[in-house]
Amino acid sequence: MKRLAVLIAVFFCCLVCAADGSAQEQETGREELLNRIEELEKRINELTEESRARRRLEITEQEKQEKEKEVLEAVGREYSLEPKRTLGLDYTLSYKYTPSERILNQLLIERQIDHEIKHTITTSYSILDNLTFSAGIPFVYRYNEVGTDKELDETDIADITLGFLYQPIKSKAGDMRTILGLSASLPTGRSPFKINPETELSTGNGVYDFSLTASFSKQIDPVVAFWNLGYTYRMDATGLDYRVLDQFILEEVEAGDSISAGAGIGYALSYKISVNSSFSYTYYFSSTYKYTGAIQDVESGDRSEATFVVGLGWKATNKTTLSFSLGYSLTGSGFTFTVRAPFSFVL
């Protein structure tokens, strides 16, 4: 009986020990599971914060369009339009330096330098969201130095320009934007056919001309590409009665037309600074000069001009982006420096 009692006691002790071990294992497993759940929740929270941060860094469709517009505004007004009922004022200051040389009597080389400072005030009004009218009035100061003993200077108004810009298709960010332009230049400046070249300088072309342009742009992250095509028709200058020499009188000029093309890229370095570079090419067809007393008409011959431009845009305020550009002539030895300050007001 004692042995049976001892065996029963041992059996119950084993059962109690087994129950205690199983409870300890369950408690340990429960703690490990809770720790894993806490780690998983922590990781999920970290991933959620990262996702929110990425969304904050991503710019919206409207922000992309505004950034593209800011880059293009530093390039030129022909690549972007303002909303309906917006009045724009644009001041442009440019300095042009053009050196040249000519041979006198086939023995002496005479150096000629032409300096030109132009102030242009342009006003524009957005008739519609995709249609803008503009008018530009330029004032020019020219200084010409020939050799070492002859100097001429002139200050006067230049040729006034009137024009329209039209965007036929509304575009979204990433789409190609197309803007068509039609402009006319009025011969309000001092005509080269109505001055004394020995004592005066011209500030205009002396003829009416009409230009048709097409400007294109497309955002290709991280840059904005832009390009343009243009054609200019120049009317003839008639009834001049411009005496060149005692026996030669210029009666008519059949002005040659011109075609142009250009392309470039712009890049936003920050929210306030952007840079751009471009190349432009213009081909001028020959003009014909008809003189009284001459045996035959005089042809000027075709010519071309090519320019490489680097520019910088600075967003001075929320509504004004100042632009600076330096253009170097690839077909000559001159350069042009330009500063432009546009302002816009919603009426």
# chains A, B, ... in the order shown; residues from 1 in each chain; ligands from 1
>>> select_by_dssp(residues="stretch 25-217 of chain A", states="strand (DSSP E or B)", output="VMD selection string")
chain A and resid 86 to 104 108 to 128 131 to 146 150 to 157 160 to 166 177 to 186 209 to 217
>>> residues_around(residues="stretch 246-255 of chain A", least_positions_apart="3", cutoff="8 Å", atoms="only C-alpha atoms", output="ChimeraX atom specification")
/A:234-243,286-294
>>> closest_residue(among="A:Phe308, A:Phe226, A:Tyr141, A:Tyr231", to="A:Glu73", atoms="only C-alpha atoms")
A:Phe226
>>> atom_distance(atom1="atom CA of A:Phe164", atom2="atom CA of A:Lys84")
14.0 Å
>>> atom_distance(atom1="atom CA of A:Gly264", atom2="atom CA of A:Pro222")
14.0 Å
